[in-house]
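Undergrad: My structure is in work.pdb, and what it holds is PDB, C-alpha atoms:
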```pdb
MODEL        1
ATOM      1  CA  MET A  24     -48.814 -44.924  -0.260
ATOM      2  CA  THR A  25     -45.431 -43.295  -0.570
ATOM      3  CA  THR A  26     -45.112 -39.539  -0.775
ATOM      4  CA  THR A  27     -42.084 -38.243  -2.604
ATOM      5  CA  GLN A  28     -40.798 -34.801  -1.585
ATOM      6  CA  THR A  29     -38.386 -32.778  -3.695
ATOM      7  CA  TYR A  30     -35.831 -30.648  -1.819
ATOM      8  CA  ARG A  31     -34.155 -27.802  -3.613
ATOM      9  CA  ASN A  32     -30.850 -26.383  -2.520
ATOM     10  CA  PRO A  33     -31.073 -22.666  -1.711
ATOM     11  CA  THR A  34     -29.481 -20.322  -4.183
ATOM     12  CA  VAL A  35     -26.465 -18.225  -3.272
ATOM     13  CA  LEU A  36     -28.653 -15.112  -3.042
ATOM     14  CA  GLN A  37     -31.066 -16.849  -0.695
ATOM     15  CA  THR A  38     -28.200 -18.037   1.482
ATOM     16  CA  ILE A  39     -26.792 -14.511   1.700
ATOM     17  CA  ARG A  40     -30.196 -13.064   2.579
ATOM     18  CA  ALA A  41     -30.727 -15.651   5.303
ATOM     19  CA  ASP A  42     -27.268 -15.000   6.739
ATOM     20  CA  MET A  43     -27.804 -11.225   6.690
ATOM     21  CA  LYS A  44     -31.144 -11.640   8.439
ATOM     22  CA  ARG A  45     -29.607 -13.868  11.079
ATOM     23  CA  HIS A  46     -26.484 -11.767  11.676
ATOM     24  CA  TRP A  47     -27.746  -8.288  10.737
ATOM     25  CA  SER A  48     -25.902  -6.573  13.611
ATOM     26  CA  ILE A  49     -22.517  -7.799  12.332
ATOM     27  CA  TYR A  50     -23.272  -6.536   8.821
ATOM     28  CA  VAL A  51     -24.253  -3.131  10.239
ATOM     29  CA  MET A  52     -20.899  -2.895  12.048
ATOM     30  CA  ALA A  53     -19.118  -3.795   8.816
ATOM     31  CA  ILE A  54     -20.727  -0.938   6.853
ATOM     32  CA  PRO A  55     -18.182   1.774   7.910
ATOM     33  CA  VAL A  56     -15.242  -0.496   6.972
ATOM     34  CA  ILE A  57     -16.767  -1.383   3.599
ATOM     35  CA  ALA A  58     -17.583   2.288   2.945
ATOM     36  CA  TYR A  59     -14.001   3.289   3.798
ATOM     37  CA  TYR A  60     -12.498   0.902   1.248
ATOM     38  CA  LEU A  61     -15.061   1.755  -1.425
ATOM     39  CA  ILE A  62     -14.543   5.512  -1.052
ATOM     40  CA  PHE A  63     -10.808   5.774  -0.413
ATOM     41  CA  HIS A  64      -9.402   2.665  -2.142
ATOM     42  CA  TYR A  65     -11.681   1.485  -4.930
ATOM     43  CA  GLY A  66     -13.252   4.825  -5.875
ATOM     44  CA  PRO A  67      -9.928   6.528  -6.744
ATOM     45  CA  MET A  68      -9.104   3.654  -9.128
ATOM     46  CA  TYR A  69     -11.271   5.444 -11.679
ATOM     47  CA  GLY A  70      -8.566   8.100 -11.903
ATOM     48  CA  LEU A  71      -5.865   5.590 -12.871
ATOM     49  CA  GLN A  72      -6.683   6.236 -16.501
ATOM     50  CA  ILE A  73      -4.796   9.548 -16.320
ATOM     51  CA  ALA A  74      -1.615   7.428 -16.374
ATOM     52  CA  PHE A  75      -2.406   6.872 -20.059
ATOM     53  CA  LYS A  76      -3.425  10.481 -20.752
ATOM     54  CA  ASP A  77      -1.933  13.968 -20.788
ATOM     55  CA  PHE A  78      -4.100  15.022 -17.888
ATOM     56  CA  SER A  79      -5.113  18.654 -17.601
ATOM     57  CA  PRO A  80      -7.198  19.815 -14.600
ATOM     58  CA  ALA A  81      -8.978  22.287 -16.903
ATOM     59  CA  LYS A  82     -10.090  19.535 -19.306
ATOM     60  CA  GLY A  83     -10.768  16.918 -16.651
ATOM     61  CA  ILE A  84     -10.154  13.184 -16.846
ATOM     62  CA  LEU A  85     -12.548  12.530 -19.727
ATOM     63  CA  GLY A  86     -11.461  15.569 -21.739
ATOM     64  CA  SER A  87      -7.732  14.862 -21.589
ATOM     65  CA  SER A  88      -6.158  13.198 -24.612
ATOM     66  CA  TRP A  89      -4.862   9.632 -24.635
ATOM     67  CA  VAL A  90      -1.093   9.137 -24.992
ATOM     68  CA  GLY A  91      -0.785   5.401 -24.315
ATOM     69  CA  PHE A  92       2.401   4.305 -22.558
ATOM     70  CA  LYS A  93       4.228   7.592 -23.045
ATOM     71  CA  HIS A  94       4.614   8.313 -19.305
ATOM     72  CA  PHE A  95       5.715   4.769 -18.534
ATOM     73  CA  GLN A  96       8.423   5.008 -21.183
ATOM     74  CA  SER A  97       9.554   8.359 -19.793
ATOM     75  CA  PHE A  98       9.926   6.810 -16.341
ATOM     76  CA  PHE A  99      11.731   3.684 -17.553
ATOM     77  CA  ASN A 100      14.129   5.731 -19.669
ATOM     78  CA  GLY A 101      14.652   8.403 -17.023
ATOM     79  CA  ILE A 102      18.048   8.981 -15.439
ATOM     80  CA  TYR A 103      16.674   8.293 -11.944
ATOM     81  CA  PHE A 104      14.863   5.007 -12.714
ATOM     82  CA  TRP A 105      17.531   2.563 -11.562
ATOM     83  CA  ARG A 106      18.502   4.709  -8.584
ATOM     84  CA  LEU A 107      14.907   4.798  -7.373
ATOM     85  CA  ILE A 108      14.424   1.045  -7.831
ATOM     86  CA  LYS A 109      17.744   0.246  -6.145
ATOM     87  CA  ASN A 110      17.153   2.504  -3.133
ATOM     88  CA  THR A 111      13.572   1.325  -2.626
ATOM     89  CA  ILE A 112      14.459  -2.373  -2.830
ATOM     90  CA  LEU A 113      17.568  -2.088  -0.630
ATOM     91  CA  ILE A 114      15.765  -0.236   2.151
ATOM     92  CA  ASN A 115      12.959  -2.800   2.116
ATOM     93  CA  LEU A 116      15.439  -5.674   1.895
ATOM     94  CA  TYR A 117      17.335  -4.430   4.961
ATOM     95  CA  ASP A 118      14.043  -4.028   6.787
ATOM     96  CA  LEU A 119      13.052  -7.575   5.777
ATOM     97  CA  LEU A 120      16.387  -9.051   6.902
ATOM     98  CA  PHE A 121      16.674  -7.178  10.203
ATOM     99  CA  GLY A 122      13.299  -5.631  11.044
ATOM    100  CA  PHE A 123      11.034  -8.583  10.239
ATOM    101  CA  PRO A 124      12.758 -11.117  12.535
ATOM    102  CA  ALA A 125      13.284  -8.495  15.271
ATOM    103  CA  ALA A 126       9.605  -8.570  16.306
ATOM    104  CA  ILE A 127       9.625 -12.390  16.282
ATOM    105  CA  ILE A 128      12.742 -12.532  18.481
ATOM    106  CA  LEU A 129      11.283 -10.009  20.946
ATOM    107  CA  ALA A 130       8.023 -11.986  21.143
ATOM    108  CA  LEU A 131       9.952 -15.223  21.808
ATOM    109  CA  LEU A 132      11.969 -13.529  24.547
ATOM    110  CA  LEU A 133       8.869 -12.030  26.166
ATOM    111  CA  ASN A 134       7.170 -15.405  26.039
ATOM    112  CA  GLU A 135       9.981 -16.873  28.143
ATOM    113  CA  ILE A 136       9.635 -14.284  30.932
ATOM    114  CA  ARG A 137       7.797 -15.768  33.901
ATOM    115  CA  GLN A 138       7.670 -12.686  36.156
ATOM    116  CA  SER A 139       4.452 -10.998  35.021
ATOM    117  CA  VAL A 140       5.293  -7.542  36.437
ATOM    118  CA  PHE A 141       8.663  -7.378  34.685
ATOM    119  CA  LYS A 142       7.089  -8.728  31.485
ATOM    120  CA  ARG A 143       4.391  -6.018  31.470
ATOM    121  CA  VAL A 144       6.986  -3.302  32.078
ATOM    122  CA  VAL A 145       9.144  -4.508  29.182
ATOM    123  CA  GLN A 146       6.103  -4.761  26.910
ATOM    124  CA  SER A 147       4.923  -1.257  27.781
ATOM    125  CA  ILE A 148       8.363   0.239  27.164
ATOM    126  CA  SER A 149       8.709  -1.544  23.815
ATOM    127  CA  TYR A 150       5.206  -0.454  22.714
ATOM    128  CA  LEU A 151       5.650   3.248  23.504
ATOM    129  CA  PRO A 152       7.737   4.271  20.441
ATOM    130  CA  HIS A 153       4.918   3.108  18.151
ATOM    131  CA  PHE A 154       2.729   5.936  19.450
ATOM    132  CA  ILE A 155       5.321   8.634  18.795
ATOM    133  CA  SER A 156       4.626  10.678  15.677
ATOM    134  CA  ILE A 157       6.989  10.188  12.739
ATOM    135  CA  VAL A 158       7.573  13.948  12.776
ATOM    136  CA  VAL A 159       8.709  13.739  16.405
ATOM    137  CA  VAL A 160      10.914  10.720  15.687
ATOM    138  CA  ALA A 161      12.536  12.540  12.758
ATOM    139  CA  GLY A 162      13.062  15.627  14.938
ATOM    140  CA  MET A 163      14.709  13.503  17.636
ATOM    141  CA  MET A 164      17.003  11.914  15.059
ATOM    142  CA  ILE A 165      17.998  15.282  13.613
ATOM    143  CA  ASP A 166      18.792  16.641  17.092
ATOM    144  CA  PHE A 167      20.666  13.571  18.335
ATOM    145  CA  LEU A 168      22.589  12.976  15.098
ATOM    146  CA  SER A 169      23.551  16.566  14.318
ATOM    147  CA  ARG A 170      27.190  17.599  14.466
ATOM    148  CA  ASN A 171      26.677  19.005  17.979
ATOM    149  CA  GLY A 172      24.104  16.399  18.978
ATOM    150  CA  LEU A 173      24.127  13.827  21.741
ATOM    151  CA  ILE A 174      25.658  11.024  19.659
ATOM    152  CA  ASN A 175      28.612  13.131  18.523
ATOM    153  CA  GLN A 176      29.122  14.395  22.068
ATOM    154  CA  ILE A 177      29.370  10.794  23.270
ATOM    155  CA  LEU A 178      31.790   9.986  20.439
ATOM    156  CA  GLY A 179      33.819  13.055  21.430
ATOM    157  CA  THR A 180      34.478  11.574  24.877
ATOM    158  CA  PHE A 181      36.299   8.753  23.059
ATOM    159  CA  HIS A 182      38.256  11.310  20.965
ATOM    160  CA  ILE A 183      36.322  10.436  17.778
ATOM    161  CA  GLU A 184      35.799  13.203  15.257
ATOM    162  CA  PRO A 185      32.163  14.381  14.817
ATOM    163  CA  ILE A 186      30.240  12.626  12.040
ATOM    164  CA  ASP A 187      27.632  14.304   9.854
ATOM    165  CA  PHE A 188      25.279  11.329   9.958
ATOM    166  CA  LEU A 189      22.420  12.932   8.041
ATOM    167  CA  GLN A 190      24.695  14.505   5.458
ATOM    168  CA  LYS A 191      26.413  11.318   4.338
ATOM    169  CA  GLU A 192      24.802   8.871   1.890
ATOM    170  CA  GLY A 193      26.337   5.823   3.522
ATOM    171  CA  TRP A 194      24.532   6.333   6.834
ATOM    172  CA  PHE A 195      20.993   6.937   5.600
ATOM    173  CA  ARG A 196      19.778   3.351   5.082
ATOM    174  CA  PHE A 197      21.194   2.190   8.405
ATOM    175  CA  LEU A 198      19.587   5.085  10.296
ATOM    176  CA  PHE A 199      16.257   4.712   8.485
ATOM    177  CA  VAL A 200      15.952   0.960   9.072
ATOM    178  CA  SER A 201      17.281   0.948  12.644
ATOM    179  CA  SER A 202      14.960   3.765  13.730
ATOM    180  CA  GLY A 203      12.065   1.886  12.133
ATOM    181  CA  ILE A 204      12.960  -1.249  14.099
ATOM    182  CA  TRP A 205      13.116   0.755  17.338
ATOM    183  CA  GLN A 206       9.724   2.310  16.656
ATOM    184  CA  GLY A 207       7.887  -0.819  15.499
ATOM    185  CA  ILE A 208       9.463  -3.827  17.194
ATOM    186  CA  GLY A 209       7.216  -3.767  20.258
ATOM    187  CA  TRP A 210       4.006  -3.217  18.348
ATOM    188  CA  GLY A 211       4.929  -5.886  15.812
ATOM    189  CA  SER A 212       5.496  -8.454  18.553
ATOM    190  CA  ILE A 213       1.843  -8.242  19.642
ATOM    191  CA  VAL A 214       0.695 -10.386  16.708
ATOM    192  CA  TYR A 215       3.213 -13.123  17.530
ATOM    193  CA  LEU A 216       2.417 -13.053  21.251
ATOM    194  CA  ALA A 217      -1.259 -13.500  20.387
ATOM    195  CA  ALA A 218      -0.356 -16.446  18.148
ATOM    196  CA  MET A 219       1.697 -17.997  20.967
ATOM    197  CA  ALA A 220      -1.276 -17.733  23.315
ATOM    198  CA  THR A 221      -3.219 -20.119  21.075
ATOM    199  CA  ILE A 222      -0.623 -22.918  21.332
ATOM    200  CA  ASP A 223      -1.882 -25.907  23.341
ATOM    201  CA  PRO A 224      -0.120 -25.885  26.791
ATOM    202  CA  THR A 225      -0.212 -29.695  26.874
ATOM    203  CA  LEU A 226       2.398 -29.713  24.116
ATOM    204  CA  TYR A 227       4.869 -28.015  26.446
ATOM    205  CA  GLU A 228       3.991 -30.397  29.275
ATOM    206  CA  ALA A 229       4.591 -33.399  27.035
ATOM    207  CA  ALA A 230       7.898 -31.922  25.847
ATOM    208  CA  ARG A 231       9.071 -31.368  29.436
ATOM    209  CA  MET A 232       8.198 -34.960  30.317
ATOM    210  CA  ASP A 233      10.349 -36.063  27.373
ATOM    211  CA  GLY A 234      13.253 -34.044  28.732
ATOM    212  CA  ALA A 235      13.109 -31.073  26.332
ATOM    213  CA  ASN A 236      14.673 -27.904  27.696
ATOM    214  CA  ARG A 237      13.338 -24.369  27.085
ATOM    215  CA  TRP A 238      15.361 -23.938  23.888
ATOM    216  CA  LYS A 239      14.056 -27.178  22.389
ATOM    217  CA  GLN A 240      10.497 -26.276  23.381
ATOM    218  CA  THR A 241      10.867 -22.966  21.582
ATOM    219  CA  LEU A 242      12.445 -24.594  18.557
ATOM    220  CA  HIS A 243      10.002 -27.481  18.162
ATOM    221  CA  ILE A 244       6.728 -26.108  19.607
ATOM    222  CA  THR A 245       6.620 -22.300  19.780
ATOM    223  CA  ILE A 246       8.144 -21.475  16.401
ATOM    224  CA  PRO A 247       6.103 -24.106  14.470
ATOM    225  CA  GLY A 248       3.012 -22.889  16.338
ATOM    226  CA  ILE A 249       3.418 -19.317  15.118
ATOM    227  CA  MET A 250       4.716 -20.290  11.664
ATOM    228  CA  PRO A 251       1.342 -19.646   9.888
ATOM    229  CA  THR A 252       1.384 -16.091  11.262
ATOM    230  CA  ILE A 253       5.012 -15.607  10.226
ATOM    231  CA  VAL A 254       4.269 -16.840   6.693
ATOM    232  CA  ILE A 255       1.261 -14.534   6.244
ATOM    233  CA  LEU A 256       3.139 -11.461   7.468
ATOM    234  CA  PHE A 257       6.167 -12.396   5.347
ATOM    235  CA  ILE A 258       4.041 -12.590   2.194
ATOM    236  CA  LEU A 259       2.432  -9.230   2.981
ATOM    237  CA  GLN A 260       5.883  -7.735   3.598
ATOM    238  CA  MET A 261       7.047  -9.001   0.221
ATOM    239  CA  GLY A 262       4.133  -7.158  -1.359
ATOM    240  CA  ASN A 263       5.566  -3.923   0.030
ATOM    241  CA  MET A 264       9.075  -4.392  -1.372
ATOM    242  CA  LEU A 265       8.633  -1.381  -3.680
ATOM    243  CA  THR A 266       6.867   0.723  -1.078
ATOM    244  CA  VAL A 267       8.662   2.921   1.430
ATOM    245  CA  GLY A 268       6.737   5.444   3.499
ATOM    246  CA  SER A 269       7.515   8.853   2.032
ATOM    247  CA  GLU A 270       6.838  10.827   5.222
ATOM    248  CA  LYS A 271       9.914   9.734   7.147
ATOM    249  CA  VAL A 272      12.202   9.894   4.121
ATOM    250  CA  LEU A 273      11.000  13.405   3.285
ATOM    251  CA  LEU A 274      11.731  14.518   6.845
ATOM    252  CA  LEU A 275      15.236  13.045   6.928
ATOM    253  CA  TYR A 276      16.729  13.238   3.444
ATOM    254  CA  ASN A 277      18.337  16.161   1.632
ATOM    255  CA  PRO A 278      20.060  16.647  -1.752
ATOM    256  CA  LEU A 279      23.332  15.337  -0.282
ATOM    257  CA  THR A 280      21.767  11.947   0.478
ATOM    258  CA  TYR A 281      19.591  11.528  -2.635
ATOM    259  CA  GLY A 282      21.971   8.845  -3.875
ATOM    260  CA  THR A 283      20.802   6.388  -1.185
ATOM    261  CA  ALA A 284      17.658   8.043   0.201
ATOM    262  CA  ASP A 285      15.584   8.964  -2.841
ATOM    263  CA  VAL A 286      12.871   6.300  -3.298
ATOM    264  CA  ILE A 287       9.855   5.911  -5.570
ATOM    265  CA  SER A 288       7.403   7.517  -3.133
ATOM    266  CA  THR A 289       9.536  10.647  -2.633
ATOM    267  CA  TYR A 290      10.110  10.941  -6.378
ATOM    268  CA  VAL A 291       6.346  10.730  -6.923
ATOM    269  CA  TYR A 292       5.873  13.475  -4.318
ATOM    270  CA  ARG A 293       8.362  15.819  -6.000
ATOM    271  CA  LYS A 294       7.037  15.202  -9.513
ATOM    272  CA  GLY A 295       3.352  15.109  -8.631
ATOM    273  CA  VAL A 296       2.927  17.694  -5.893
ATOM    274  CA  LEU A 297       5.813  20.099  -6.528
ATOM    275  CA  GLU A 298       5.927  19.898 -10.339
ATOM    276  CA  ALA A 299       2.241  19.024 -10.942
ATOM    277  CA  SER A 300       3.097  16.133 -13.320
ATOM    278  CA  TYR A 301      -0.070  14.241 -12.445
ATOM    279  CA  SER A 302      -0.133  11.817 -15.374
ATOM    280  CA  PHE A 303       3.533  10.915 -14.990
ATOM    281  CA  THR A 304       3.248  10.219 -11.278
ATOM    282  CA  ALA A 305       0.048   8.228 -11.823
ATOM    283  CA  ALA A 306       1.995   6.036 -14.246
ATOM    284  CA  VAL A 307       4.789   5.571 -11.697
ATOM    285  CA  GLY A 308       2.287   4.717  -8.973
ATOM    286  CA  LEU A 309       0.500   2.220 -11.219
ATOM    287  CA  PHE A 310       3.811   0.572 -12.105
ATOM    288  CA  ASN A 311       4.626   0.339  -8.399
ATOM    289  CA  SER A 312       1.266  -1.278  -7.615
ATOM    290  CA  VAL A 313       1.538  -3.840 -10.422
ATOM    291  CA  ILE A 314       5.031  -4.913  -9.353
ATOM    292  CA  SER A 315       3.888  -5.154  -5.719
ATOM    293  CA  PHE A 316       1.008  -7.397  -6.803
ATOM    294  CA  VAL A 317       3.386  -9.618  -8.784
ATOM    295  CA  LEU A 318       5.746  -9.875  -5.801
ATOM    296  CA  ILE A 319       3.010 -10.869  -3.365
ATOM    297  CA  VAL A 320       1.714 -13.552  -5.771
ATOM    298  CA  ALA A 321       5.254 -14.832  -6.324
ATOM    299  CA  ALA A 322       5.955 -14.931  -2.575
ATOM    300  CA  ASN A 323       2.736 -16.847  -1.950
ATOM    301  CA  SER A 324       3.591 -19.352  -4.705
ATOM    302  CA  PHE A 325       7.114 -19.805  -3.322
ATOM    303  CA  VAL A 326       5.880 -20.423   0.221
ATOM    304  CA  LYS A 327       3.209 -22.803  -1.079
ATOM    305  CA  ARG A 328       5.892 -24.935  -2.760
ATOM    306  CA  ILE A 329       8.195 -25.249   0.235
ATOM    307  CA  SER A 330       5.518 -25.637   2.932
ATOM    308  CA  GLU A 331       1.821 -26.118   3.507
ATOM    309  CA  LYS A 332       1.414 -22.578   4.801
ATOM    310  CA  LYS A 333       0.158 -19.925   2.397
ATOM    311  CA  LEU A 334      -1.937 -16.766   2.231
ATOM    312  CA  TRP A 335      -4.478 -18.202  -0.223
TER     313      TRP A 335
ENDMDL
END
```
Starting from the coordinates I provided, produce the structure as structure tokens.

TA:
Amino acid sequence: MTTTQTYRNPTVLQTIRADMKRHWSIYVMAIPVIAYYLIFHYGPMYGLQIAFKDFSPAKGILGSSWVGFKHFQSFFNGIYFWRLIKNTILINLYDLLFGFPAAIILALLLNEIRQSVFKRVVQSISYLPHFISIVVVAGMMIDFLSRNGLINQILGTFHIEPIDFLQKEGWFRFLFVSSGIWQGIGWGSIVYLAAMATIDPTLYEAARMDGANRWKQTLHITIPGIMPTIVILFILQMGNMLTVGSEKVLLLYNPLTYGTADVISTYVYRKGVLEASYSFTAAVGLFNSVISFVLIVAANSFVKRISEKKLW
């Protein structure tokens, strides 16, 4: 006599319950992270509707009247629109061209150092600027780059006239990007060093047996080994092409350098905080977020077409 048994696949809900029961401690540790994103990232999205309203704090979000795309049109037709877009993109483009590969190059150089003591010293020195407050970094730049600062004193020894670095539009982007590279290059290299640690050592042994020198090993083993990490960070960087941290810009710029220093985030600060144009700045912020989303999707699609590496 044959007994036939029917097996049913567990539902998605049952699978989730079983996994939560089995790994409950991991889910408990994830609660603070999930709560953070729900409260500070997804919760405020409810207020995005004020971008389409004439928001009044007295009337509240629901009581304010709808105006459609009025604030978006005001921003697009504003006299500062193209200046803001140009400055934001150029600063991010310079950072992408010079800052992004800087951390990769430092990681490759550190990976070639065989003396562990010297390597740790170099790593520690390169990491330290990351832990310096942006306010302190801006203060150091203002002191060093002032007309009577250290840089102009050094230039004076070569009989070069003092330069008002922070008062001239042409210097702002260079100073902003270069100081950012100095502050973040060491910290950024950590990700690539971790990726290099996962590369199979036997690949290097086989390459040496085939006569490959250190440069060829780097070119054909190390760089391809960290390429997935490079691609992911590149796509994420592309998503920030219209985002420049307002804190550092606010500390360094002045009306004389608005032509090259004024970016979307600082404009939002002036209009939203100083002039209380909440609906207008919400519209600008929403526009910025939508374009950033489009850029990150486009970058992922581009990378997917030219290689097998992609973010999703």

Undergrad: So what does the PyMOL selection byres ((chain A and resi 310) around 12) actually pick up in this one, as a PDB file with C-alpha atoms, in the coordinates of the input?

TA:
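Output saved as selection-v6.pdb:
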```pdb
ATOM      1  CA  LEU A  71      -5.865   5.590 -12.871  1.00  0.00           C
ATOM      2  CA  ALA A  74      -1.615   7.428 -16.374  1.00  0.00           C
ATOM      3  CA  PHE A  75      -2.406   6.872 -20.059  1.00  0.00           C
ATOM      4  CA  PHE A  92       2.401   4.305 -22.558  1.00  0.00           C
ATOM      5  CA  HIS A  94       4.614   8.313 -19.305  1.00  0.00           C
ATOM      6  CA  PHE A  95       5.715   4.769 -18.534  1.00  0.00           C
ATOM      7  CA  GLN A  96       8.423   5.008 -21.183  1.00  0.00           C
ATOM      8  CA  PHE A  98       9.926   6.810 -16.341  1.00  0.00           C
ATOM      9  CA  PHE A  99      11.731   3.684 -17.553  1.00  0.00           C
ATOM     10  CA  PHE A 104      14.863   5.007 -12.714  1.00  0.00           C
ATOM     11  CA  ILE A 108      14.424   1.045  -7.831  1.00  0.00           C
ATOM     12  CA  LEU A 265       8.633  -1.381  -3.680  1.00  0.00           C
ATOM     13  CA  THR A 266       6.867   0.723  -1.078  1.00  0.00           C
ATOM     14  CA  ILE A 287       9.855   5.911  -5.570  1.00  0.00           C
ATOM     15  CA  SER A 288       7.403   7.517  -3.133  1.00  0.00           C
ATOM     16  CA  VAL A 291       6.346  10.730  -6.923  1.00  0.00           C
ATOM     17  CA  PHE A 303       3.533  10.915 -14.990  1.00  0.00           C
ATOM     18  CA  THR A 304       3.248  10.219 -11.278  1.00  0.00           C
ATOM     19  CA  ALA A 305       0.048   8.228 -11.823  1.00  0.00           C
ATOM     20  CA  ALA A 306       1.995   6.036 -14.246  1.00  0.00           C
ATOM     21  CA  VAL A 307       4.789   5.571 -11.697  1.00  0.00           C
ATOM     22  CA  GLY A 308       2.287   4.717  -8.973  1.00  0.00           C
ATOM     23  CA  LEU A 309       0.500   2.220 -11.219  1.00  0.00           C
ATOM     24  CA  ASN A 311       4.626   0.339  -8.399  1.00  0.00           C
ATOM     25  CA  SER A 312       1.266  -1.278  -7.615  1.00  0.00           C
ATOM     26  CA  VAL A 313       1.538  -3.840 -10.422  1.00  0.00           C
ATOM     27  CA  ILE A 314       5.031  -4.913  -9.353  1.00  0.00           C
ATOM     28  CA  SER A 315       3.888  -5.154  -5.719  1.00  0.00           C
ATOM     29  CA  PHE A 316       1.008  -7.397  -6.803  1.00  0.00           C
ATOM     30  CA  VAL A 317       3.386  -9.618  -8.784  1.00  0.00           C
TER      31      VAL A 317
END
```

Undergrad: Kindly resolve the PyMOL selection byres ((chain A and resi 219) around 10) on the present coordinates and return the residues as an MDAnalysis selection string.

TA: chainID A and resid 130:131 134 213:218 220:224 244:249 252

Undergrad: Determine the residue set returned by the PyMOL selection byres ((chain A and resi 89) around 10) for the present structure, and present it as a PDB file with C-alpha atoms, in the coordinates of the input.

TA:
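Result went into expr19.pdb, see below:
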```
ATOM      1  CA  GLN A  72      -6.683   6.236 -16.501  1.00  0.00           C
ATOM      2  CA  ILE A  73      -4.796   9.548 -16.320  1.00  0.00           C
ATOM      3  CA  ALA A  74      -1.615   7.428 -16.374  1.00  0.00           C
ATOM      4  CA  PHE A  75      -2.406   6.872 -20.059  1.00  0.00           C
ATOM      5  CA  LYS A  76      -3.425  10.481 -20.752  1.00  0.00           C
ATOM      6  CA  ASP A  77      -1.933  13.968 -20.788  1.00  0.00           C
ATOM      7  CA  PHE A  78      -4.100  15.022 -17.888  1.00  0.00           C
ATOM      8  CA  LEU A  85     -12.548  12.530 -19.727  1.00  0.00           C
ATOM      9  CA  GLY A  86     -11.461  15.569 -21.739  1.00  0.00           C
ATOM     10  CA  SER A  87      -7.732  14.862 -21.589  1.00  0.00           C
ATOM     11  CA  SER A  88      -6.158  13.198 -24.612  1.00  0.00           C
ATOM     12  CA  VAL A  90      -1.093   9.137 -24.992  1.00  0.00           C
ATOM     13  CA  GLY A  91      -0.785   5.401 -24.315  1.00  0.00           C
ATOM     14  CA  PHE A  92       2.401   4.305 -22.558  1.00  0.00           C
ATOM     15  CA  LYS A  93       4.228   7.592 -23.045  1.00  0.00           C
TER      16      LYS A  93
END
```

Undergrad: Could you tell me how far CA of Ile183 (chain A) lies from CA of Ala161 (chain A), in Å and to one decimal?

TA: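 The value is 24.4 Å.
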
Undergrad: Quick one: pull the distance between CA of Pro185 (chain A) and CA of Ala284 (chain A), Å, one decimal.

TA: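 Distance reported for this atom pair: 21.5 Å.
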
Undergrad: May I have the residues at most 12 Å from (8.6, -18.4, 30.7) in the file's coordinates, counting all atoms listed in the file, as a list in words?

TA: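 Answer for this query, in the requested form: Ala130, Leu131, Leu132, Leu133, Asn134, Glu135, Ile136, Arg137, Gln138, Ser139, Phe141, Lys142, Met219, Tyr227, Asn236, Arg237, Trp238, Gln240, Thr241 and Thr245 of chain A.
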
Undergrad: Please produce an output containing C-alpha atoms for each residue in the selection, written as a JSON list (two decimals), keeping the file's coordinate frame.

TA:
```json
[["chain", "number", "residue", "atom", "x", "y", "z"],
["A", 130, "ALA", "CA", 8.02, -11.99, 21.14],
["A", 131, "LEU", "CA", 9.95, -15.22, 21.81],
["A", 132, "LEU", "CA", 11.97, -13.53, 24.55],
["A", 133, "LEU", "CA", 8.87, -12.03, 26.17],
["A", 134, "ASN", "CA", 7.17, -15.40, 26.04],
["A", 135, "GLU", "CA", 9.98, -16.87, 28.14],
["A", 136, "ILE", "CA", 9.64, -14.28, 30.93],
["A", 137, "ARG", "CA", 7.80, -15.77, 33.90],
["A", 138, "GLN", "CA", 7.67, -12.69, 36.16],
["A", 139, "SER", "CA", 4.45, -11.00, 35.02],
["A", 141, "PHE", "CA", 8.66, -7.38, 34.68],
["A", 142, "LYS", "CA", 7.09, -8.73, 31.48],
["A", 219, "MET", "CA", 1.70, -18.00, 20.97],
["A", 227, "TYR", "CA", 4.87, -28.02, 26.45],
["A", 236, "ASN", "CA", 14.67, -27.90, 27.70],
["A", 237, "ARG", "CA", 13.34, -24.37, 27.08],
["A", 238, "TRP", "CA", 15.36, -23.94, 23.89],
["A", 240, "GLN", "CA", 10.50, -26.28, 23.38],
["A", 241, "THR", "CA", 10.87, -22.97, 21.58],
["A", 245, "THR", "CA", 6.62, -22.30, 19.78]]
```

Undergrad: Quick one: residues within 9 Å of Tyr276 (chain A), all atoms listed in the file, excluding same-chain residues fewer than 5 positions away - as a list in words?

TA: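 The filter keeps Leu189, Gln190, Phe195, Lys271, Tyr281, Ala284 and Asp285 of chain A.
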
Undergrad: Would you please work out which residue, of A:Ser324, A:Thr38, A:Thr180, A:Ser201, is nearest to Tyr117 (chain A) when using all atoms listed in the file?

TA: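 Of the candidates, the smallest distance to Tyr117 (chain A) is held by A:Ser201.
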
Undergrad: May I ask for the distance between CA of Leu116 (chain A) and CA of Gly209 (chain A), given in Å to one decimal place?

TA: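 For CA of Leu116 (chain A) relative to CA of Gly209 (chain A), the distance reads 20.2 Å.
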
Undergrad: Which residues, written as a list in words, have at least one atom at most 9 Å from Gln260 (chain A), with all atoms listed in the file counted and residues fewer than 6 positions away on the same chain left out?

TA: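 With the cut-off at 9 Å, the set is Asn115, Leu119, Phe123 and Ile319 of chain A.
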
Undergrad: Determine the nearest neighbour of Phe197 (chain A) from the options A:Ile329, A:Ile114, A:Leu297, A:Met52, counting all atoms listed in the file.

TA: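 Using all atoms listed in the file, the shortest distance to Phe197 (chain A) belongs to A:Ile114.
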
Undergrad: Would you place a box with edges along x, y and z of the file around all atoms of region 283-291 of chain A listed there, add 5 Å to each of its six sides, and report the centre and edge lengths in Å to one decimal, as AutoDock Vina command-line options?

TA:
```
--center_x 13.6 --center_y 8.4 --center_z -3.4 --size_x 24.5 --size_y 15.0 --size_z 17.1
```

Undergrad: Between A:His46, A:Arg328, A:Arg293, A:His243, which is the closest to Arg231 (chain A) once you count all atoms listed in the file?

TA: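 With all atoms listed in the file as the atom set, the closest residue is A:His243.
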